[in-house]
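Chemist: Quick one: this structure, given as C-alpha cells, is what I'll be asking you about.
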Amino acid sequence: MTAGTSLRHVLATLGEPLVEVVVAPHGLGVPVSDVVILDPEDPLEASPGDLVLVIGARGRAAAPAIRAAGRGGAAAVAVKGTGAGSAEVAADAGVALLTVGAEARWEQVESLARGVVEAARAGGEAASGEVLGDLFALAQTIATLTGGLVSIEDTASRVLAYSRAGDEVDELRRLSILGREGPERYLALLREWGVYQRLRAGEGIVRIDERPELGIRRRIAAGIHAGTQPLGTIWVQEGAQPLTEQAELALLGASRALAPQLIRARTLPSPELRLREDLLASLLEGKLDAESVADDIGADPSRPAQVLAFALSRAENRQLRRAELVHLIAVHTAAYRRSALVSVIGGRVYALLPDLPEHSDAAVLALAREIVGAARRHLEVPVRAALGGVVPRLSDAVASRGDADRVLATMARGHWPSDVASLADVRAEVLLSEVLAYLGDQPRIRDPRLTALVEHDAEHGGILVPAVLAWLDAFGDVRAAASALNIHPNTVRYRVRRAAEVSGVDFGDPAQRILTQLQLRL
C-alpha cells in the first residue's frame, strides 16, 4: 500500500462544516493512501486505503457503492445525504461513512483531502510544496491560544486553512469556509472599513467590531509578512466565549511564525502547472520519453531543442524568490517559444526551448540576458544563466541540460566574468573539468609515479608540484614560471629537475607532460 495518512488526520484537517463522521467500525486510525471519485454508474471498485467520494448518489442510492467500497477494503466512503439506513450498511460493510455538507463542492473536498494525503506521503518536505496538514494544525493551535475560531487566508482572500468548528460561527466565516474564499459582499465592507489597508501596512493587530445586523461577530486579525511583502492574513472570530487575555499577543506571534509556511504555500504550483513541471523534470532526468512530452505541449520531437539553466547567486527569502523567478522565466520563454517548459530541479530553474528555428543562438542568448536583467530589475536578485548546447531533437534534451549544468559549475568557480554564458564561451574550462572529474573517479588509469611525487612533495615542504605546474602552464618558459611563483629562475629549474628524478617521469615527452599537467591539477 502506498504511504499516506490516517482517517483521523484527514478529518481533523477538513473538519466541520465540510465533513462529519457517521460511523467508523474500525476506528479513525485506519490508513488513507488515496482519494478516488466514484460515480454509481461507473464500475463499483475500490482498493485498500481509498477514501471514496461517491458523487451523484444520496441516501439508499449510495448503498451499492458503500458495499463495494467495503469489499475492496476502502478506508472510508463520503456521500452527501446519508439517509436512515446508510450507517447500518457501512457498519455491515466494515467501512467508515462520512457525510459531506450540502453546500460543499466535491472538487473542494477532493482537493483538500488529496492535499493531506500527498503531504503525508511526501513526509512534509519543502520540495513537495506546502504541507496542508501543517497549516490546519497551526490554525487549531492559534484557536486554542486565542479562544476563537481561526482561518488563514492568502492575499487574494482565499481560505488556506481553518480551525475546527465551534459554536457561534458567524455568516462571514461559514460562507468563507464553504466557498474557500471570502464572499464578495463582505470583502467589500472590509475594504470600505480600511481593514485590508491596515493589515497590509505592517505588523500589528486589527480589530473589527461586532456587526449583528450583518451577521458579523467581533474578530481580530493580523497580517502575515515577509519583510515588507504581504503574504496573507490570520482571522480570529470570537465565539460564544470572549477571546483570551493573551489572544492579541498570541495572534501577533502566530503571524510571524506563519510567514515561512505561506512562503511555501505561494511556491506551490497549480495542478496543471505542476504536471508540466513534472513532465520537464522527468524528461531532463531521462525518466520520460520525448514523444510523451511533445504530445502534451504541442511540440515536434524531431525539431532542435535547447535547455537553459538559471541559479540564484544569493537572496533573502530564497524559496519565495525562486518561485518568483520561475514565473518570470516562464513569461519570457513562452513569449519566445509557445511550447516552452520551466521546472525546478535541485534548486536550479530549467527552461526547455523546443522547436528551435535555425541560427537561433543569438536570439536565445539575448533571451537569457533579458531574463537575468529582468530578475535584477524587478526581483532585485542576482541570477546566473547558462545555455546548454542546441541538440538536434527533443529526446537529446538531457544532454543539453548536462551542458547547462557544466556551464553553471564553471561560472560558479569564477571562470567567467558575466552572468550569462553558453557552452561555447567556456568550452575549454568545461572540457578540462570533465577530464579532471573522470581522472579523479578512475584511480586505476592514473600514473602511480605522479601519485608518488605528490605524496613525497607533501612530506617535504610541498615545493616541487607547484613548480612543475607553473613550468608546464608557462609552456616550459622558466622565467615566466619563476615570475608566477615569485622565485628565482634557477630555483624553478632545480625543482623541475628534482621532480623528474623523484618521479621518474620524462618531462621531455609531450604525452607525459600532458598527463602530468592533468593529474597534478587533481
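Here, A, B, ... name the chains of the C-alpha cells in the order displayed, residue numbers run from 1 inside each chain, and ligands are numbered from 1 in the same displayed order.
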Quick one: DSSP alpha helix (DSSP H) residues in range 29-156 of chain A, as number ranges by chain?

Modeler: A: 63-71, 86-93, 106-121, 132-146

Chemist: Produce a table with one row for each residue of range 395-451 of chain A that has an atom at most 12 Å from any atom of range 370-373 of chain A, each row naming the nearest atom pair and its distance in Å at one decimal; use only C-alpha atoms; arrange rows by chain and rising residue number; format as CSV.

Modeler:
residue,atom,partner,partner_atom,distance
A:Ser418,CA,A:Val372,CA,10.7
A:Asp419,CA,A:Val372,CA,7.4
A:Val420,CA,A:Val372,CA,7.8
A:Ala421,CA,A:Val372,CA,11.3

Chemist: Env of Ala62 in chain A: 10 Å cut, atoms = only C-alpha atoms, seq-sep filter 2 positions within chain, self excluded. Answer as a list in words.

Modeler: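 Listing them by chain and then by number gives Asp39, Pro40, Val54, Ile55, Gly56, Ala57, Arg58, Gly59, Arg60, Pro64, Ala65, Ile66, Arg67, Val77, Ala78, Val79, Lys80, Gly81, Thr82, Gly83, Ser86 and Val89 of chain A.
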
Chemist: Determine, for each residue of range 203-302 of chain A having at least one atom at most 12 Å from an atom of range 400-411 of chain A, the closest pair of atoms and their separation in Å to one decimal, counting only C-alpha atoms; order by chain and ascending number, as a Markdown table.

Modeler:
| residue | atom | partner | partner_atom | distance |
| --- | --- | --- | --- | --- |
| A:Leu280 | CA | A:Arg401 | CA | 10.9 |
| A:Ala281 | CA | A:Arg401 | CA | 10.5 |
| A:Leu283 | CA | A:Arg401 | CA | 10.0 |
| A:Leu284 | CA | A:Arg401 | CA | 6.6 |
| A:Glu285 | CA | A:Arg401 | CA | 8.9 |
| A:Gly286 | CA | A:Arg401 | CA | 10.6 |

Chemist: Could you tell me how far CA of Ser483 in chain A lies from CA of Leu453 in chain A, in Å and to one decimal?

Modeler: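 So the answer is 23.5 Å.
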
Chemist: Find, counting only C-alpha atoms, the residue in A:Val10, A:Ala470, A:Ala428, A:Ala305 that gets nearest to Ala290 in chain A.

Modeler: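 Looking only at the distances to Ala290 in chain A, the closest residue turns out to be A:Ala305.
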
Chemist: I'd like the neighbourhood of range 219-236 of chain A as a short mmCIF file (atom, residue, chain, number, x, y, z; two decimals) with N, CA and C atoms, in the first residue's frame, where a residue qualifies if any of its atoms comes within 7 Å (using only C-alpha atoms), though same-chain residues fewer than 2 positions away should be ignored.

Modeler:
data_model
loop_
_atom_site.label_atom_id
_atom_site.label_comp_id
_atom_site.auth_asym_id
_atom_site.auth_seq_id
_atom_site.Cartn_x
_atom_site.Cartn_y
_atom_site.Cartn_z
N GLY A 148 -10.61 31.55 20.07
CA GLY A 148 -11.52 31.92 18.99
C GLY A 148 -11.53 30.90 17.87
N LEU A 149 -12.20 31.26 16.79
CA LEU A 149 -12.29 30.42 15.60
C LEU A 149 -11.38 31.04 14.54
N VAL A 150 -10.44 30.26 14.03
CA VAL A 150 -9.34 30.79 13.23
C VAL A 150 -9.47 30.39 11.78
N SER A 151 -9.16 31.31 10.89
CA SER A 151 -8.98 30.99 9.48
C SER A 151 -7.75 31.73 8.96
N ILE A 152 -7.06 31.08 8.04
CA ILE A 152 -5.84 31.63 7.44
C ILE A 152 -6.11 31.83 5.96
N GLU A 153 -5.85 33.04 5.47
CA GLU A 153 -6.14 33.36 4.07
C GLU A 153 -4.89 33.90 3.39
N ASP A 154 -4.85 33.76 2.06
CA ASP A 154 -3.76 34.38 1.30
C ASP A 154 -4.15 35.80 0.94
N THR A 155 -3.34 36.48 0.15
CA THR A 155 -3.60 37.89 -0.16
C THR A 155 -4.80 38.08 -1.08
N LEU A 199 -4.06 45.91 7.47
CA LEU A 199 -3.40 44.60 7.54
C LEU A 199 -2.13 44.57 6.71
N ARG A 200 -2.15 45.24 5.56
CA ARG A 200 -1.00 45.18 4.67
C ARG A 200 0.04 46.24 4.97
N GLY A 202 1.67 46.61 7.73
CA GLY A 202 2.76 46.09 8.54
C GLY A 202 2.23 45.29 9.71
N GLU A 203 3.14 44.96 10.64
CA GLU A 203 2.74 44.17 11.79
C GLU A 203 1.77 44.95 12.68
N GLY A 204 0.94 44.19 13.37
CA GLY A 204 0.00 44.81 14.29
C GLY A 204 -1.34 44.12 14.24
N ILE A 205 -2.15 44.37 15.26
CA ILE A 205 -3.46 43.74 15.38
C ILE A 205 -4.53 44.70 14.89
N VAL A 206 -5.40 44.18 14.04
CA VAL A 206 -6.53 44.96 13.55
C VAL A 206 -7.79 44.41 14.21
N ARG A 207 -8.61 45.30 14.78
CA ARG A 207 -9.81 44.88 15.50
C ARG A 207 -11.05 45.24 14.68
N ILE A 208 -11.98 44.29 14.57
CA ILE A 208 -13.23 44.52 13.84
C ILE A 208 -14.38 44.30 14.82
N ASP A 209 -15.16 45.32 15.03
CA ASP A 209 -16.26 45.23 16.00
C ASP A 209 -17.38 44.35 15.47
N ARG A 217 -19.60 38.69 13.78
CA ARG A 217 -19.23 38.77 15.18
C ARG A 217 -17.89 39.47 15.31
N GLU A 238 -14.46 35.72 17.40
CA GLU A 238 -14.89 35.43 18.76
C GLU A 238 -16.14 34.56 18.71
N LEU A 251 -1.77 36.03 18.63
CA LEU A 251 -2.01 36.25 17.21
C LEU A 251 -0.81 36.92 16.54
N LEU A 252 -0.18 37.87 17.23
CA LEU A 252 1.00 38.53 16.68
C LEU A 252 2.13 37.52 16.48
N SER A 255 1.36 35.28 13.52
CA SER A 255 1.55 35.92 12.21
C SER A 255 3.01 35.87 11.79
N ARG A 256 3.91 35.96 12.76
CA ARG A 256 5.33 35.86 12.45
C ARG A 256 5.74 34.43 12.14
N LEU A 258 3.93 32.10 10.92
CA LEU A 258 3.30 31.56 9.71
C LEU A 258 3.96 32.03 8.42
N ALA A 259 4.81 33.05 8.49
CA ALA A 259 5.41 33.58 7.26
C ALA A 259 6.12 32.49 6.45
N LEU A 262 3.56 30.30 4.62
CA LEU A 262 2.88 30.91 3.48
C LEU A 262 3.83 31.14 2.31
#

Chemist: Given the choices A:Arg384, A:Arg211, A:Arg393, A:Pro510, which gets closest to Asp300 in chain A if the distance is worked out from only C-alpha atoms?

Modeler: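 With only C-alpha atoms as the atom set, the closest residue is A:Arg393.
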
Chemist: For each of A:His415, A:Arg493, A:Arg321, A:Arg376, take the minimum atom-to-atom distance to Asp477 in chain A, counting only C-alpha atoms, then give the residue where this is smallest.

Modeler: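 So, comparing all the options, the nearest one is A:Arg493.
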
Chemist: Do a neighbour search on Val468 in chain A at 9 Å with only C-alpha atoms, toss out local chain neighbours closer than 5 positions, and write the hits as a list of chain:residue names.

Modeler: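 These residues fall inside the cut-off: A:Asp473, A:Ala481, A:Val492, A:Arg495, A:Val496, A:Ala499, A:Thr516, A:Gln517, A:Leu520.
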